[in-house]
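Chemist: Questions regarding the structure given below will be posed in turn.
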Amino acid sequence: MAVQEKAENESDPEVTQKQEFSAFPYDPYSIQTDFMNALYRFLDKGGVSMLESPTGTGKSLSIICSALQWLIDRKERGNNSGSNKVVVDDGKEDESEPDWIRNFTVTDDKKTIRNNSKSQFRLRKHSKEKRDFDGRKEEEVYVRKQEAGDEANEQEFLLDEYESEEEESSSSSKRKPVGGRFYSSSEDEEDDDDKECSEEDGLKVFYCSRTHSQLSQFVKELKKTVFAQKIKVVCLGSRKNMCINEDVLKLGNVGRINERCLDLQKKKTSQVSKKKNLGTNVRGGRTKASSSCRCPMLRKLSLQRDFKAEILQQEAMDIEDLVQIGRDMGTCPYYGSRRVAPAAELIILPYQSLLSKSSRESLGLNLKNSVVIIDEAHNLADTLLSMHDAKITMAQLVDIQSSIESYLGRFKNLLGAGNRRYIQTMLILIRALLKPLDTSDRNLNSVNSGLPSKSKPCGGCSMAIYDFLFSLNIDNINLVKLLAYIKQSNIIHKVSGYGERVAMLQKDPAAPEEMSKLSSFRAFSDMLVALSHNNGDGRIIVSKMDSSTPGQQGGYIKYVMLTGAKLFSEVVEEAHAVILAGGTLQPIEETRERLFPWLPSNQLQFFSCSHIVPPESLMPIAVSHGPSGQSFDFSHSSRSSAKMIQELGLLMSNLVALVPEGVIVFFSSFEYETQVHTAWSKSGILTRIMKKKRLFREPRRNTEVEAVLRGYKEAIESERGAVMLAVVGGKVSEGINFSDGMCRCVVMVGLPYPSLSDIELLERIKHIEGLGDSESSKPGMTLVDDSYYSGDVQAGFEVLKSCRRRGKEYYENLCMKAVNQSIGRAIRHAKDYSAILLVDARYANDPSKRASHPSSKLPKWIKDHLIYSTKGYGDVHRLLHQFFKHKNVGKSS
Ligand code: SF4
């Protein structure tokens, strides 16, 4: 059953109830008003809704003005029925403000009434220099002590006894499925000094997007409206973006920064708890992270409180602003912003922080009756699932095995029976997990798991969790109990801390830096969490493939989560409304099936608006033939032919003479781009192109992208224009704005289907093929070899051929989402214009002749104007010539 697309029209009684969105800083276009009205209505109604609005149509601003207006109206309605109505501001009415601003109320009159003026930091009077100095001094003393490596200090790594009765009672409370990542960290610790937090939870809007820069962009838009002053806002970011401890920051890598930060808190916490609880259960020793932390930026709780008070008095700030305030005050903005969250009305945060239950819990986020807006939701199902994947490499398993053995060697006689038993169990598990990665051991493949007995030294196999545990003879281990032990005993930090200390004392200064022991242990505990999921939630992939990635030689074990329904239902159940917004959200039926299959199609509210640009600013053409009449076919079997590459070269030689300014060409992969570039270089096509425009190629390394883009921009501004050879899924295809002259023509070469050599993709296809379809999910349906996959493309095609509908549909959707994402780089605002060339005969096929046609998955604003069939390249040339002539820009000479 397809979800009904809903267009705004005046005959719809719902649509006629239009709201005023006076906070919108410009005269809104009609589609913006329609979008805001639809969102407002969906928020009133609650439940799950999807809103699609093309990039460049002011989506963020529309979300802000509608959702925050709704928040204020909702609070006002609530307060009108009560008595504690408080007028915001200093009592002076501003006549220029609309009524709803003047009447703006907050739920608790004890809270600080904010004003627009930026207050001076009350805390600057503190001697920041002195604090920094004191903090560093303490840190140095501690490090010196640690480096001295005296025997007494080793006691800090000794585990407290783990009492079995306690373990029984605690594990019984943990027998529920383990829902999230497993971190034995201070992130889980509550700060019971911050009692005011619990008093401040009220109706909130949670806005999340994927990247840090998207969140910053959102705050920029927010600052264009009055809400930046009127609403209490906080951004939550990662430690990588918010940490101000230079010693920690210089570690560079996200994982290491997180670990070091937690480590700084944990070690001190452990010491304190040890002193407090010597001889007693370690769980009694949870202490406040802030007051005992060895990070000087988190030592004074009072500064954290002052930070919170400061943020609540300021207008909306992005991550950079928060970091600056943290630096000025000498207190950690990462933890400081978390303190602000309970009092904030708008919380801006990355996907990961909101969609993971454990992360929500550690941040203390309560979604109850609030609104969750997930922007850039075009790949939400895959993003959500990948957050719950777990992976451990052979090198990591070997590392933790040797750390535990070394720890046992040192402390065995000092440990109690409970600890010894659990540590032995961990070793049994680690040795078992190493077995399938040992390429010399064929037993797993041939005997235990029932996998093919023929020798296959490299490649991957996949299996259900229970089969995997059974094949390794570890199905009798109670993983839930073991996880409870790992969390409560703090063994990860004890063993990795001891291991790192030993390694430091023995370290050859010339030796390369070792991998972090803590990250190996975290990968292990994540894998245990994954193995405790329901059997049908995901698959285990064992890859023995040699890898050139450091630390991955010898292969890895990976858990791939396949169903996100349960994960997403937790969010939907708690929140009043969940909004998925994006430039292109099609196909919405697939999203519904994967994220909220329990929701009947007719209860999913959907709104889609057209583009802000007039049709005459757009020229989308399906190009089926090249200048010499050759039909374009960039399918896997034909794309490497010399004829095809030559024909594409002829097309490009024509385009660079016809299109002004910038042209971006998207290839399906870096490999194919290189193949084409090499062939054009040999045939002289490249020289012909470069006579007309400068040529740039998207670099593989992210760090080089900026310089290439700078050169491309300069060439467009100062010369005859430029061509960028880019790759679908690369840096250029997502998140970069190619407005105006930066892209007057975007060329999509072929259909960029993902490689069928990817075993994870095949698992997803197989899973989706079975979703809710009793025929295809029958056990008798064999999709090639169900467990072993050697990684060759042909076998992948066999899997796809075995699918009847949903699997194929999903595969095609992946391709077209990538196309839409790439071609969406052009046309970024109302006055922009661009040609869009879809170069492959498959785009040009008559869509009425096939049930599922790639072009049918284009965004509506492109699909409605796509020129499907031309008599030949001559028509394409004529159409483009007229288009650019009409735009009065003339040819690039
Ligand atoms: S507490 Fe804050 S400043 Fe200190 S290491 Fe952690 S994130 Fe960095």
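The way I read the labels, and the way they are meant: chains A, B, ... in the order of the structure tokens, residue 1 as the first residue of every chain, and ligand 1 as the first ligand shown, with later ones counted on from there.
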Throw together the list of residues within 9 Å of ligand 1, counting only C-alpha atoms and all ligand atoms, and drop it here as a VMD selection string.
Modeler: chain A and resid 238 to 249 257 to 258 260 to 265 289 to 290 293 to 299 326 331 to 336
Chemist: Using only N, CA and C atoms, please write the residues we just selected to a file, as a compact mmCIF listing (two decimals), in the first residue's frame.
Modeler:
```txt
# COMPACT_ATOMS: atom_id res chain seq x y z
N SER A 238 30.18 16.64 19.88
CA SER A 238 31.07 15.56 20.31
C SER A 238 32.26 16.15 21.08
N ARG A 239 32.97 15.29 21.77
CA ARG A 239 34.18 15.76 22.46
C ARG A 239 35.19 16.30 21.45
N LYS A 240 35.22 15.64 20.28
CA LYS A 240 36.20 16.09 19.27
C LYS A 240 35.98 17.57 18.95
N ASN A 241 34.71 17.97 18.91
CA ASN A 241 34.40 19.36 18.57
C ASN A 241 34.35 20.28 19.78
N MET A 242 34.24 19.74 20.98
CA MET A 242 34.01 20.62 22.12
C MET A 242 35.07 20.56 23.22
N CYS A 243 35.95 19.59 23.14
CA CYS A 243 36.95 19.47 24.19
C CYS A 243 37.90 20.69 24.16
N ILE A 244 38.28 21.19 25.34
CA ILE A 244 39.21 22.33 25.37
C ILE A 244 40.48 21.97 26.13
N ASN A 245 40.65 20.69 26.43
CA ASN A 245 41.89 20.25 27.07
C ASN A 245 42.91 19.96 25.96
N GLU A 246 43.89 20.83 25.82
CA GLU A 246 44.81 20.74 24.68
C GLU A 246 45.54 19.40 24.65
N ASP A 247 45.89 18.88 25.84
CA ASP A 247 46.61 17.60 25.86
C ASP A 247 45.75 16.48 25.31
N VAL A 248 44.46 16.57 25.54
CA VAL A 248 43.56 15.53 25.05
C VAL A 248 43.27 15.76 23.57
N LEU A 249 43.06 17.02 23.22
CA LEU A 249 42.73 17.35 21.83
C LEU A 249 43.81 16.94 20.85
N ILE A 257 40.29 10.61 21.77
CA ILE A 257 39.87 11.76 22.58
C ILE A 257 38.81 11.31 23.59
N ASN A 258 37.83 10.55 23.11
CA ASN A 258 36.77 10.06 24.01
C ASN A 258 37.38 9.22 25.12
N ARG A 260 40.45 9.12 26.27
CA ARG A 260 41.31 9.86 27.19
C ARG A 260 40.47 10.66 28.19
N CYS A 261 39.41 11.28 27.67
CA CYS A 261 38.54 12.07 28.53
C CYS A 261 37.92 11.17 29.61
N LEU A 262 37.39 10.05 29.17
CA LEU A 262 36.76 9.13 30.13
C LEU A 262 37.80 8.58 31.10
N ASP A 263 38.95 8.33 30.56
CA ASP A 263 40.03 7.80 31.35
C ASP A 263 40.42 8.78 32.46
N LEU A 264 40.50 10.06 32.11
CA LEU A 264 40.86 11.09 33.09
C LEU A 264 39.87 11.09 34.24
N GLN A 265 38.63 10.84 33.90
CA GLN A 265 37.62 10.83 34.96
C GLN A 265 37.64 9.51 35.71
N ALA A 289 31.61 12.78 38.58
CA ALA A 289 32.69 12.95 37.61
C ALA A 289 33.34 14.32 37.75
N SER A 290 32.50 15.32 37.93
CA SER A 290 33.03 16.67 37.86
C SER A 290 33.97 17.00 39.01
N CYS A 293 37.32 14.81 38.79
CA CYS A 293 37.97 14.57 37.51
C CYS A 293 39.39 15.12 37.48
N ARG A 294 40.29 14.40 36.77
CA ARG A 294 41.65 14.89 36.63
C ARG A 294 41.79 15.87 35.48
N CYS A 295 40.72 16.02 34.68
CA CYS A 295 40.81 17.07 33.66
C CYS A 295 40.60 18.40 34.37
N PRO A 296 41.57 19.31 34.23
CA PRO A 296 41.43 20.59 34.95
C PRO A 296 40.20 21.38 34.52
N MET A 297 39.66 21.07 33.35
CA MET A 297 38.50 21.81 32.86
C MET A 297 37.19 21.32 33.46
N LEU A 298 37.29 20.30 34.28
CA LEU A 298 36.05 19.76 34.82
C LEU A 298 36.17 19.55 36.33
N ARG A 299 37.08 20.30 36.92
CA ARG A 299 37.31 20.03 38.33
C ARG A 299 36.34 20.79 39.22
N GLY A 326 33.47 28.33 26.99
CA GLY A 326 34.15 27.36 27.86
C GLY A 326 35.60 27.75 28.08
N THR A 331 36.19 26.20 31.79
CA THR A 331 35.44 24.99 32.17
C THR A 331 34.97 24.28 30.91
N CYS A 332 34.79 22.97 31.04
CA CYS A 332 34.54 22.13 29.86
C CYS A 332 33.19 22.43 29.20
N PRO A 333 33.18 22.87 27.94
CA PRO A 333 31.90 23.15 27.28
C PRO A 333 31.15 21.88 26.88
N TYR A 334 31.89 20.78 26.72
CA TYR A 334 31.23 19.52 26.36
C TYR A 334 30.27 19.10 27.48
N TYR A 335 30.79 19.03 28.69
CA TYR A 335 29.93 18.66 29.81
C TYR A 335 29.03 19.82 30.22
N GLY A 336 29.53 21.03 30.05
CA GLY A 336 28.73 22.20 30.42
C GLY A 336 27.44 22.28 29.60
```
Chemist: Near Ala381 of chain A, counting only C-alpha atoms, which residues have an atom at most 10 Å away, once you skip same-chain residues fewer than 2 positions from it, shown as a list in words?
Modeler: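 Final neighbour list, sorted by chain and number: Ala377, His378, Asn379, Thr383, Leu384, Leu385, Ser386, Leu562, Thr563, Gly564, Ala565, Phe568, Glu590, Thr591, Arg592, Glu593, Arg594, Leu595 and Phe596 of chain A.
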Chemist: Could you check how far atom CA of Ser802 of chain A sits from atom CA of Tyr559 of chain A, in Å to one decimal?
Modeler: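 Here the two named atoms are 23.8 Å from each other.
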Chemist: Would you give me, as an MDAnalysis selection string, the residues in segment 537-621 of chain A that DSSP reads as helix (DSSP H, G or I)?
Modeler: chainID A and resid 537 565:574 588:595 601:603 615:617
Chemist: Residues of segment 463-590 of chain A classed as strand (DSSP E or B) by DSSP on the backbone are to be reported as a VMD selection string.
Modeler: chain A and resid 463 538 to 543 556 to 561 577 to 582
Chemist: Work out how far atom CA of Ile325 of chain A is from atom CA of Leu301 of chain A, in Å to one decimal.
Modeler: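 Rounded to one decimal, the two atoms are 15.8 Å apart.
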Chemist: Tell me which protein, DNA and RNA residues are within 9 Å of Ile474 of chain A, counting only C-alpha atoms, leaving out same-chain ones fewer than 5 positions away, and put them as a VMD selection string.
Modeler: chain A and resid 428 to 429 432 468 to 469
Chemist: Please provide the set of residues having any atom within 6 Å of segment 309-324 of chain A, restricted to only C-alpha atoms, with same-chain residues fewer than 2 positions apart removed, written as a PyMOL selection string.
Modeler: chain A and resi 114+118+216+219+228-229+233+242+306-307+326-327+333
Chemist: Write out as JSON lines a residue-level contact list of segment 15-63 of chain A versus segment 578-587 of chain A with cut-off 8 Å: for each qualifying residue the closest pair of atoms and the distance in Å to one decimal, counting only C-alpha atoms, rows sorted by chain and residue number upward.
Modeler:
```
{"residue": "A:Gly46", "atom": "CA", "partner": "A:Val578", "partner_atom": "CA", "distance": 7.4}
{"residue": "A:Gly47", "atom": "CA", "partner": "A:Val578", "partner_atom": "CA", "distance": 6.1}
{"residue": "A:Val48", "atom": "CA", "partner": "A:Val578", "partner_atom": "CA", "distance": 4.9}
{"residue": "A:Ser49", "atom": "CA", "partner": "A:Ile579", "partner_atom": "CA", "distance": 5.0}
{"residue": "A:Met50", "atom": "CA", "partner": "A:Leu580", "partner_atom": "CA", "distance": 4.7}
{"residue": "A:Leu51", "atom": "CA", "partner": "A:Ala581", "partner_atom": "CA", "distance": 4.8}
{"residue": "A:Glu52", "atom": "CA", "partner": "A:Gly582", "partner_atom": "CA", "distance": 5.2}
{"residue": "A:Ser53", "atom": "CA", "partner": "A:Gly583", "partner_atom": "CA", "distance": 4.9}
{"residue": "A:Pro54", "atom": "CA", "partner": "A:Gly583", "partner_atom": "CA", "distance": 4.2}
{"residue": "A:Thr55", "atom": "CA", "partner": "A:Gly583", "partner_atom": "CA", "distance": 5.2}
```
